[in-house]
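One file, model-v9.cif, is given below (mmCIF, C-alpha atoms).
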```cif
data_query
#
loop_
_atom_site.group_PDB
_atom_site.id
_atom_site.type_symbol
_atom_site.label_atom_id
_atom_site.label_comp_id
_atom_site.auth_asym_id
_atom_site.auth_seq_id
_atom_site.Cartn_x
_atom_site.Cartn_y
_atom_site.Cartn_z
ATOM 1 C CA MET F 1 44.653 249.802 -51.360
ATOM 2 C CA SER F 2 47.097 251.033 -48.703
ATOM 3 C CA VAL F 3 48.576 250.364 -45.283
ATOM 4 C CA LEU F 4 47.629 252.529 -42.313
ATOM 5 C CA TYR F 5 50.652 253.180 -40.086
ATOM 6 C CA LEU F 6 50.098 254.619 -36.599
ATOM 7 C CA THR F 7 53.333 255.670 -34.909
ATOM 8 C CA GLN F 8 52.348 258.401 -32.435
ATOM 9 C CA PRO F 9 52.356 256.933 -28.884
ATOM 10 C CA ASN F 10 49.069 258.553 -27.870
ATOM 11 C CA ALA F 11 47.246 257.899 -31.137
ATOM 12 C CA LEU F 12 43.875 256.170 -30.922
ATOM 13 C CA LEU F 13 42.237 254.160 -33.690
ATOM 14 C CA SER F 14 38.495 253.765 -33.277
ATOM 15 C CA LYS F 15 35.466 252.955 -35.430
ATOM 16 C CA LYS F 16 32.821 255.451 -36.427
ATOM 17 C CA TYR F 17 29.963 254.242 -38.567
ATOM 18 C CA GLU F 18 31.560 252.261 -41.444
ATOM 19 C CA ALA F 19 34.976 253.943 -41.231
ATOM 20 C CA PHE F 20 37.960 254.105 -38.935
ATOM 21 C CA ASN F 21 38.762 257.248 -37.001
ATOM 22 C CA VAL F 22 42.324 258.279 -36.124
ATOM 23 C CA ALA F 23 42.783 260.645 -33.177
ATOM 24 C CA LEU F 24 46.191 262.317 -32.790
ATOM 25 C CA GLU F 25 47.127 264.471 -29.811
ATOM 26 C CA ARG F 26 48.427 267.937 -30.676
ATOM 27 C CA GLU F 27 51.153 269.724 -28.716
ATOM 28 C CA ASP F 28 48.572 271.955 -27.005
ATOM 29 C CA GLY F 29 46.713 268.909 -25.658
ATOM 30 C CA THR F 30 43.809 269.073 -28.111
ATOM 31 C CA TRP F 31 43.024 266.193 -30.452
ATOM 32 C CA GLN F 32 43.029 266.100 -34.223
ATOM 33 C CA LYS F 33 40.547 263.555 -35.601
ATOM 34 C CA GLN F 34 40.643 262.172 -39.104
ATOM 35 C CA PRO F 35 38.373 259.577 -40.733
ATOM 36 C CA VAL F 36 39.906 256.784 -42.829
ATOM 37 C CA ALA F 37 37.717 254.865 -45.267
ATOM 38 C CA ALA F 38 37.982 251.185 -44.350
ATOM 39 C CA GLN F 39 37.595 250.134 -47.991
ATOM 40 C CA THR F 40 40.900 251.831 -48.889
ATOM 41 C CA LEU F 41 42.965 249.722 -46.472
ATOM 42 C CA GLU F 42 44.520 246.288 -46.701
ATOM 43 C CA GLN F 43 46.555 246.282 -43.459
ATOM 44 C CA ILE F 44 46.972 248.258 -40.218
ATOM 45 C CA VAL F 45 50.345 248.641 -38.476
ATOM 46 C CA LEU F 46 50.607 249.951 -34.906
ATOM 47 C CA MET F 47 54.153 250.963 -33.979
ATOM 48 C CA GLY F 48 55.165 251.890 -30.453
ATOM 49 C CA ASN F 49 52.203 252.381 -28.151
ATOM 50 C CA PRO F 50 49.189 253.650 -30.091
ATOM 51 C CA SER F 51 45.815 252.266 -29.035
ATOM 52 C CA ILE F 52 43.016 250.552 -30.915
ATOM 53 C CA THR F 53 39.527 250.083 -29.526
ATOM 54 C CA GLY F 54 37.987 246.649 -29.337
ATOM 55 C CA GLU F 55 35.276 247.724 -31.764
ATOM 56 C CA ALA F 56 37.846 248.896 -34.322
ATOM 57 C CA LEU F 57 39.890 245.684 -33.952
ATOM 58 C CA CYS F 58 36.830 243.482 -34.494
ATOM 59 C CA TYR F 59 35.763 245.593 -37.477
ATOM 60 C CA ALA F 60 39.224 245.250 -39.053
ATOM 61 C CA LEU F 61 39.141 241.476 -38.676
ATOM 62 C CA GLU F 62 35.605 241.294 -40.066
ATOM 63 C CA LEU F 63 36.840 243.146 -43.161
ATOM 64 C CA GLY F 64 39.825 240.814 -43.503
ATOM 65 C CA LEU F 65 42.375 243.452 -42.435
ATOM 66 C CA PRO F 66 45.309 242.108 -40.408
ATOM 67 C CA VAL F 67 46.478 244.335 -37.542
ATOM 68 C CA HIS F 68 50.224 244.164 -36.876
ATOM 69 C CA TYR F 69 52.177 245.360 -33.833
ATOM 70 C CA LEU F 70 55.761 246.689 -33.887
ATOM 71 C CA SER F 71 57.859 248.010 -31.038
ATOM 72 C CA GLY F 72 59.178 251.568 -31.045
ATOM 73 C CA PHE F 73 62.432 250.173 -32.486
ATOM 74 C CA GLY F 74 60.560 248.521 -35.359
ATOM 75 C CA LYS F 75 60.790 244.979 -33.972
ATOM 76 C CA TYR F 76 57.893 242.777 -35.013
ATOM 77 C CA LEU F 77 55.794 241.802 -31.963
ATOM 78 C CA GLY F 78 52.756 240.015 -33.333
ATOM 79 C CA SER F 79 49.570 240.251 -35.370
ATOM 80 C CA ALA F 80 45.832 239.919 -35.075
ATOM 81 C CA LEU F 81 44.918 237.993 -38.225
ATOM 82 C CA PRO F 82 41.549 237.329 -39.866
ATOM 83 C CA GLY F 83 40.408 233.720 -40.047
ATOM 84 C CA TYR F 84 41.048 233.024 -43.721
ATOM 85 C CA SER F 85 42.345 229.580 -44.530
ATOM 86 C CA ARG F 86 40.793 226.254 -43.677
ATOM 87 C CA ASN F 87 43.097 224.358 -46.039
ATOM 88 C CA GLY F 88 43.882 221.325 -43.905
ATOM 89 C CA GLN F 89 45.422 219.410 -46.812
ATOM 90 C CA LEU F 90 48.008 222.148 -47.347
ATOM 91 C CA ARG F 91 48.878 222.103 -43.640
ATOM 92 C CA LEU F 92 49.343 218.319 -43.735
ATOM 93 C CA ALA F 93 51.617 218.641 -46.772
ATOM 94 C CA GLN F 94 53.600 221.324 -44.943
ATOM 95 C CA TYR F 95 54.104 219.040 -41.931
ATOM 96 C CA GLU F 96 55.069 216.054 -44.099
ATOM 97 C CA ALA F 97 57.720 218.097 -45.919
ATOM 98 C CA HIS F 98 59.116 219.183 -42.569
ATOM 99 C CA ARG F 99 59.447 215.578 -41.391
ATOM 100 C CA ASP F 100 61.008 214.379 -44.675
ATOM 101 C CA VAL F 101 64.732 215.023 -44.095
ATOM 102 C CA ALA F 102 65.740 214.848 -47.758
ATOM 103 C CA ARG F 103 62.924 217.094 -48.961
ATOM 104 C CA ARG F 104 63.492 219.591 -46.189
ATOM 105 C CA LEU F 105 67.163 219.779 -47.136
ATOM 106 C CA GLU F 106 66.288 220.580 -50.761
ATOM 107 C CA ILE F 107 63.860 223.300 -49.661
ATOM 108 C CA VAL F 108 66.515 224.854 -47.432
ATOM 109 C CA LYS F 109 69.081 224.752 -50.246
ATOM 110 C CA THR F 110 66.645 226.592 -52.512
ATOM 111 C CA ILE F 111 65.921 229.261 -49.900
ATOM 112 C CA VAL F 112 69.580 229.862 -49.019
ATOM 113 C CA ALA F 113 70.770 229.856 -52.638
ATOM 114 C CA GLY F 114 68.133 232.477 -53.482
ATOM 115 C CA LYS F 115 69.142 234.664 -50.569
ATOM 116 C CA ILE F 116 72.864 234.505 -51.380
ATOM 117 C CA HIS F 117 72.155 235.219 -55.056
ATOM 118 C CA ASN F 118 70.283 238.387 -54.119
ATOM 119 C CA GLN F 119 72.976 239.422 -51.640
ATOM 120 C CA HIS F 120 75.561 239.055 -54.390
ATOM 121 C CA ALA F 121 73.371 241.180 -56.694
ATOM 122 C CA VAL F 122 73.244 243.972 -54.081
ATOM 123 C CA LEU F 123 77.035 243.962 -53.738
ATOM 124 C CA TYR F 124 77.565 243.818 -57.505
ATOM 125 C CA ARG F 125 75.264 246.762 -58.209
ATOM 126 C CA HIS F 126 77.040 248.864 -55.608
ATOM 127 C CA GLY F 127 80.524 248.310 -56.963
ATOM 128 C CA GLN F 128 81.549 245.349 -54.785
ATOM 129 C CA LYS F 129 82.053 242.943 -57.684
ATOM 130 C CA ASP F 130 85.020 241.119 -56.195
ATOM 131 C CA ASN F 131 83.256 239.118 -53.489
ATOM 132 C CA PRO F 132 83.032 235.396 -52.630
ATOM 133 C CA LEU F 133 79.234 235.069 -52.604
ATOM 134 C CA LYS F 134 79.029 233.321 -55.979
ATOM 135 C CA GLN F 135 81.251 230.601 -54.561
ATOM 136 C CA ARG F 136 79.093 230.419 -51.427
ATOM 137 C CA LYS F 137 75.977 229.966 -53.550
ATOM 138 C CA ALA F 138 77.634 227.183 -55.540
ATOM 139 C CA ALA F 139 78.712 225.501 -52.312
ATOM 140 C CA VAL F 140 75.114 225.364 -51.050
ATOM 141 C CA GLY F 141 74.194 222.743 -53.641
ATOM 142 C CA LYS F 142 76.979 220.442 -52.446
ATOM 143 C CA GLN F 143 76.039 220.416 -48.777
ATOM 144 C CA GLU F 144 74.653 217.207 -47.302
ATOM 145 C CA THR F 145 73.040 218.372 -44.053
ATOM 146 C CA LEU F 146 70.909 221.250 -42.801
ATOM 147 C CA ASP F 147 73.673 222.399 -40.472
ATOM 148 C CA GLN F 148 76.150 222.543 -43.361
ATOM 149 C CA VAL F 149 73.771 224.709 -45.390
ATOM 150 C CA ARG F 150 73.150 226.937 -42.404
ATOM 151 C CA GLY F 151 76.896 227.265 -41.908
ATOM 152 C CA THR F 152 77.359 228.363 -45.507
ATOM 153 C CA GLU F 153 74.496 230.844 -45.142
ATOM 154 C CA GLY F 154 76.114 232.271 -42.013
ATOM 155 C CA MET F 155 79.498 232.716 -43.708
ATOM 156 C CA ALA F 156 77.859 234.406 -46.692
ATOM 157 C CA ALA F 157 75.983 236.788 -44.373
ATOM 158 C CA ARG F 158 79.180 237.792 -42.566
ATOM 159 C CA GLU F 159 80.977 238.378 -45.872
ATOM 160 C CA TYR F 160 78.005 240.306 -47.226
ATOM 161 C CA PHE F 161 77.671 242.716 -44.312
ATOM 162 C CA ALA F 162 81.455 243.132 -44.138
ATOM 163 C CA ARG F 163 81.188 244.946 -47.506
ATOM 164 C CA TRP F 164 78.472 247.355 -46.411
ATOM 165 C CA THR F 165 80.696 250.159 -45.166
ATOM 166 C CA ALA F 166 82.317 250.276 -48.607
ATOM 167 C CA MET F 167 78.876 250.677 -50.214
ATOM 168 C CA LEU F 168 77.581 253.328 -47.831
ATOM 169 C CA PRO F 169 78.135 257.053 -48.423
ATOM 170 C CA GLU F 170 80.056 258.978 -45.779
ATOM 171 C CA PRO F 171 79.665 259.297 -42.837
ATOM 172 C CA TRP F 172 77.713 256.037 -42.584
ATOM 173 C CA GLU F 173 79.294 252.721 -41.704
ATOM 174 C CA LEU F 174 78.209 249.263 -40.575
ATOM 175 C CA PRO F 175 80.535 247.760 -37.939
ATOM 176 C CA GLY F 176 78.972 244.295 -38.185
ATOM 177 C CA ARG F 177 75.355 243.198 -37.891
ATOM 178 C CA HIS F 178 73.944 243.857 -34.407
ATOM 179 C CA ARG F 179 70.229 243.325 -33.815
ATOM 180 C CA ARG F 180 69.249 243.198 -30.135
ATOM 181 C CA PRO F 181 69.565 246.080 -29.715
ATOM 182 C CA PRO F 182 70.791 247.860 -32.872
ATOM 183 C CA THR F 183 73.984 249.552 -31.713
ATOM 184 C CA ASP F 184 74.394 252.073 -34.548
ATOM 185 C CA PRO F 185 72.134 253.950 -36.984
ATOM 186 C CA VAL F 186 72.573 251.603 -39.972
ATOM 187 C CA ASN F 187 71.759 248.563 -37.854
ATOM 188 C CA ALA F 188 68.702 250.428 -36.571
ATOM 189 C CA LEU F 189 67.499 250.987 -40.140
ATOM 190 C CA LEU F 190 68.113 247.358 -41.071
ATOM 191 C CA SER F 191 66.183 246.098 -38.051
ATOM 192 C CA PHE F 192 63.327 248.495 -38.762
ATOM 193 C CA SER F 193 63.121 247.482 -42.415
ATOM 194 C CA TYR F 194 63.196 243.777 -41.517
ATOM 195 C CA GLY F 195 60.372 244.319 -39.044
ATOM 196 C CA LEU F 196 58.292 246.013 -41.742
ATOM 197 C CA LEU F 197 59.088 243.249 -44.218
ATOM 198 C CA ARG F 198 58.051 240.645 -41.661
ATOM 199 C CA VAL F 199 54.632 242.292 -41.452
ATOM 200 C CA GLN F 200 54.135 241.830 -45.187
ATOM 201 C CA VAL F 201 55.364 238.230 -45.270
ATOM 202 C CA THR F 202 53.221 237.310 -42.238
ATOM 203 C CA ALA F 203 50.117 238.573 -44.029
ATOM 204 C CA ALA F 204 51.094 236.714 -47.230
ATOM 205 C CA VAL F 205 51.689 233.438 -45.368
ATOM 206 C CA HIS F 206 48.296 233.751 -43.728
ATOM 207 C CA LEU F 207 46.592 234.436 -47.070
ATOM 208 C CA ALA F 208 48.294 231.413 -48.633
ATOM 209 C CA GLY F 209 46.975 229.172 -45.845
ATOM 210 C CA LEU F 210 50.360 228.085 -44.483
ATOM 211 C CA ASP F 211 51.067 227.327 -40.832
ATOM 212 C CA PRO F 212 53.448 230.165 -39.921
ATOM 213 C CA TYR F 213 55.207 228.103 -37.233
ATOM 214 C CA ILE F 214 56.312 225.151 -39.383
ATOM 215 C CA GLY F 215 59.376 226.035 -41.433
ATOM 216 C CA TYR F 216 62.483 224.473 -42.874
ATOM 217 C CA LEU F 217 65.564 226.693 -42.564
ATOM 218 C CA HIS F 218 64.508 228.094 -39.191
ATOM 219 C CA ASP F 219 63.861 225.880 -36.174
ATOM 220 C CA THR F 220 60.327 225.233 -34.988
ATOM 221 C CA THR F 221 61.314 224.781 -31.340
ATOM 222 C CA ARG F 222 61.550 228.431 -30.265
ATOM 223 C CA GLY F 223 58.000 229.597 -30.853
ATOM 224 C CA GLN F 224 59.077 231.657 -33.848
ATOM 225 C CA PRO F 225 57.094 231.847 -37.120
ATOM 226 C CA ALA F 226 59.600 229.692 -38.962
ATOM 227 C CA VAL F 227 58.080 229.684 -42.450
ATOM 228 C CA VAL F 228 57.624 233.476 -42.303
ATOM 229 C CA LEU F 229 61.323 233.839 -41.533
ATOM 230 C CA ASP F 230 62.166 231.307 -44.250
ATOM 231 C CA LEU F 231 60.312 233.239 -46.950
ATOM 232 C CA MET F 232 61.799 236.521 -45.743
ATOM 233 C CA GLU F 233 65.347 235.401 -46.518
ATOM 234 C CA GLU F 234 65.305 235.878 -50.292
ATOM 235 C CA LEU F 235 63.392 239.165 -49.856
ATOM 236 C CA ARG F 236 65.695 240.828 -47.325
ATOM 237 C CA PRO F 237 68.329 241.916 -49.893
ATOM 238 C CA LEU F 238 65.801 242.782 -52.612
ATOM 239 C CA ILE F 239 63.495 244.929 -50.489
ATOM 240 C CA ALA F 240 64.853 245.801 -47.044
ATOM 241 C CA ASP F 241 68.593 246.078 -47.754
ATOM 242 C CA ASN F 242 68.147 247.970 -51.019
ATOM 243 C CA LEU F 243 65.754 250.337 -49.248
ATOM 244 C CA VAL F 244 68.267 251.173 -46.496
ATOM 245 C CA LEU F 245 71.035 251.773 -49.041
ATOM 246 C CA SER F 246 68.704 253.975 -51.086
ATOM 247 C CA VAL F 247 67.497 256.266 -48.277
ATOM 248 C CA LEU F 248 71.060 256.810 -47.081
ATOM 249 C CA THR F 249 72.484 257.362 -50.575
ATOM 250 C CA HIS F 250 69.752 259.870 -51.424
ATOM 251 C CA LYS F 251 70.096 261.570 -48.019
ATOM 252 C CA GLU F 252 66.478 261.010 -47.062
ATOM 253 C CA ILE F 253 67.725 259.978 -43.625
ATOM 254 C CA LYS F 254 70.453 261.956 -41.856
ATOM 255 C CA SER F 255 72.639 261.422 -38.791
ATOM 256 C CA ALA F 256 70.512 263.841 -36.756
ATOM 257 C CA ASP F 257 67.435 261.652 -37.355
ATOM 258 C CA PHE F 258 68.436 259.091 -34.701
ATOM 259 C CA THR F 259 68.148 258.989 -30.949
ATOM 260 C CA GLU F 260 70.355 256.881 -28.684
ATOM 261 C CA SER F 261 69.538 255.397 -25.288
ATOM 262 C CA LEU F 262 71.780 252.999 -23.362
ATOM 263 C CA GLY F 263 73.669 252.129 -26.537
ATOM 264 C CA ALA F 264 70.542 251.386 -28.597
ATOM 265 C CA TYR F 265 69.682 253.528 -31.635
ATOM 266 C CA ARG F 266 66.286 254.262 -33.123
ATOM 267 C CA LEU F 267 64.785 256.652 -35.630
ATOM 268 C CA ALA F 268 63.217 259.839 -34.307
ATOM 269 C CA ASP F 269 59.506 260.299 -34.915
ATOM 270 C CA GLY F 270 59.751 262.582 -37.949
ATOM 271 C CA ALA F 271 62.351 260.432 -39.678
ATOM 272 C CA ARG F 272 60.295 257.320 -38.970
ATOM 273 C CA LYS F 273 57.519 258.783 -41.116
ATOM 274 C CA THR F 274 60.039 259.472 -43.887
ATOM 275 C CA PHE F 275 61.283 255.892 -43.749
ATOM 276 C CA LEU F 276 57.754 254.464 -43.790
ATOM 277 C CA GLN F 277 56.989 256.531 -46.881
ATOM 278 C CA ALA F 278 60.127 255.177 -48.547
ATOM 279 C CA PHE F 279 59.139 251.626 -47.600
ATOM 280 C CA GLU F 280 55.703 252.117 -49.146
ATOM 281 C CA ARG F 281 57.296 253.496 -52.323
ATOM 282 C CA LYS F 282 59.424 250.384 -52.520
ATOM 283 C CA LEU F 283 56.469 248.038 -52.013
ATOM 284 C CA THR F 284 54.382 249.798 -54.648
ATOM 285 C CA SER F 285 57.170 250.041 -57.249
ATOM 286 C CA GLU F 286 56.834 247.634 -60.154
ATOM 287 C CA PHE F 287 59.116 245.149 -61.876
ATOM 288 C CA LYS F 288 58.726 242.236 -64.295
ATOM 289 C CA HIS F 289 58.184 239.046 -62.312
ATOM 290 C CA PRO F 290 60.742 236.447 -63.469
ATOM 291 C CA VAL F 291 58.309 233.509 -63.173
ATOM 292 C CA PHE F 292 55.009 234.985 -64.372
ATOM 293 C CA GLU F 293 56.623 237.482 -66.772
ATOM 294 C CA TYR F 294 54.223 240.319 -66.068
ATOM 295 C CA ARG F 295 54.724 243.518 -64.145
ATOM 296 C CA CYS F 296 53.727 243.549 -60.489
ATOM 297 C CA THR F 297 54.519 245.435 -57.306
ATOM 298 C CA TYR F 298 56.824 244.114 -54.610
ATOM 299 C CA ARG F 299 53.824 243.845 -52.286
ATOM 300 C CA ARG F 300 52.050 241.611 -54.794
ATOM 301 C CA ALA F 301 55.260 239.636 -55.363
ATOM 302 C CA ILE F 302 55.496 238.799 -51.657
ATOM 303 C CA GLU F 303 52.024 237.282 -51.773
ATOM 304 C CA LEU F 304 52.880 235.400 -54.987
ATOM 305 C CA GLN F 305 55.981 233.875 -53.383
ATOM 306 C CA ALA F 306 53.931 232.595 -50.444
ATOM 307 C CA ARG F 307 51.378 231.077 -52.819
ATOM 308 C CA LEU F 308 54.112 229.521 -54.973
ATOM 309 C CA PHE F 309 55.649 227.998 -51.860
ATOM 310 C CA ALA F 310 52.256 226.611 -50.839
ATOM 311 C CA ARG F 311 51.805 225.077 -54.300
ATOM 312 C CA HIS F 312 55.237 223.493 -54.049
ATOM 313 C CA LEU F 313 54.311 221.838 -50.766
ATOM 314 C CA HIS F 314 50.819 220.766 -51.797
ATOM 315 C CA GLU F 315 51.188 220.020 -55.521
ATOM 316 C CA GLY F 316 54.910 219.482 -56.034
ATOM 317 C CA VAL F 317 55.272 222.514 -58.338
ATOM 318 C CA PRO F 318 58.970 223.557 -58.218
ATOM 319 C CA TYR F 319 59.536 226.585 -55.990
ATOM 320 C CA LYS F 320 61.642 229.368 -57.458
ATOM 321 C CA PRO F 321 62.897 232.149 -55.168
ATOM 322 C CA LEU F 322 62.302 235.718 -56.278
ATOM 323 C CA ILE F 323 65.580 236.520 -58.049
ATOM 324 C CA LEU F 324 66.062 239.736 -60.001
ATOM 325 C CA ARG F 325 69.042 240.135 -62.278
#
```
Target encoding structure tokens, full file:
Amino acid sequence: MSVLYLTQPNALLSKKYEAFNVALEREDGTWQKQPVAAQTLEQIVLMGNPSITGEALCYALELGLPVHYLSGFGKYLGSALPGYSRNGQLRLAQYEAHRDVARRLEIVKTIVAGKIHNQHAVLYRHGQKDNPLKQRKAAVGKQETLDQVRGTEGMAAREYFARWTAMLPEPWELPGRHRRPPTDPVNALLSFSYGLLRVQVTAAVHLAGLDPYIGYLHDTTRGQPAVVLDLMEELRPLIADNLVLSVLTHKEIKSADFTESLGAYRLADGARKTFLQAFERKLTSEFKHPVFEYRCTYRRAIELQARLFARHLHEGVPYKPLILR
């Protein structure tokens, strides 16, 4: 099973018989059409301004294929999701945990400790062994309020990204984390990779039957999918950050692969395809899952984490973040 990415602005995804049809405009104005077997897909991602017909969208949802939308910069915009879960009891458990101040605090501590652990692992593996993140992780367990935990998470993030320039090969550097818009190439790659990761976590949350808008670390008052963002935290260093470091270290992405407009950077079309291929390689690479102790892909692990989190809320099974040593 694979993900269909459409990134060409004038691309059109339609349905023909029992398959999808992708139409791409050539430079001479003619159209190249290519069938895609629906049975080979598990998700569809539309990036920029490609089009999808109503018939193709309905067919995707009938098959259980989520359709995700990203901006040209890679920012997650939204999804059309199949109607999977009717697990009302899980939703009630999710709401009760949100209202229980003590339980919510413990959930947030677990999420933040997992994220900081994985950030420390990224620094350690790239030669930045002398860093304060171990102390930040230890401090999380001693905090007494959500705001205190969030403050510790914020300090750890600043200290983490402050070490990035030392990890990056020349001529790359990261002058602080800037998101809206990304003001340099490395920030552009980070934002793009986080947008792609959000697609995967959104689909996993939906499959697990969770309400995406009721979370614990992130506020529920801003219309953001709080539990999606919560579950992303431990995965950002493992998947997105390691991916960005890898493509730059192995020179898969070069300085000439970016365009700049009004101070905002984005990947050019050809390099975007290269990055998407690298992202897919990362998601399909395997490792030994620390909880289940069998080999699985990162894509499968994202779904497992969402299901483990759902079991924690509904059945009280301890939730363990995905931590790789």
When the PyMOL selection byres ((chain F and resi 179) around 12) is applied to the file above, which residues end up in the set, as JSON, numbers by chain?
{"F": [73, 74, 75, 175, 176, 177, 178, 180, 181, 182, 183, 184, 185, 186, 187, 188, 189, 190, 191, 192, 193, 194, 195, 263, 264, 265, 266]}
When you look at Asn118 in chain F with a cut-off of 6 Å (counting all atoms listed in the file), what residues show up, excluding the ones that are within fewer than 3 positions of it in the same chain? I need them as a ChimeraX atom specification.
/F:115,121,237
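Nearest-residue note for Tyr213 in chain F: choosing from F:His98, F:Lys16, F:His68, F:Arg307, the minimum distance belongs to F:His98, counting all atoms listed in the file.
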Picked residues, the PyMOL selection byres ((chain F and resi 120) around 12), as a ChimeraX atom specification:
/F:113-119,121-137,156-157,159-161,163-164,234,237-238,241,323-325
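CA of Arg295 in chain F is found 27.8 Å from CA of Ala37 in chain F.
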Mind telling me what the PyMOL selection byres ((chain F and resi 78) around 7) catches here, as a ChimeraX atom specification?
/F:68-69,76-77,79
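Using all atoms listed in the file, the shortest contact distance between Ile239 in chain F and any of F:Lys251, F:Lys273, F:His312, F:Arg299 is found at F:Arg299.
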Please check which residues have atoms at most 12 Å from (42.8, 231.0, -45.5) in the file's coordinates, counting only C-alpha atoms, and write them as a ChimeraX atom specification.
/F:64,81-91,203-211,307,310
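Closest approach to Glu170 in chain F among F:Thr284, F:Thr30, F:Ser51, F:Thr249: F:Thr249, based on only C-alpha atoms.
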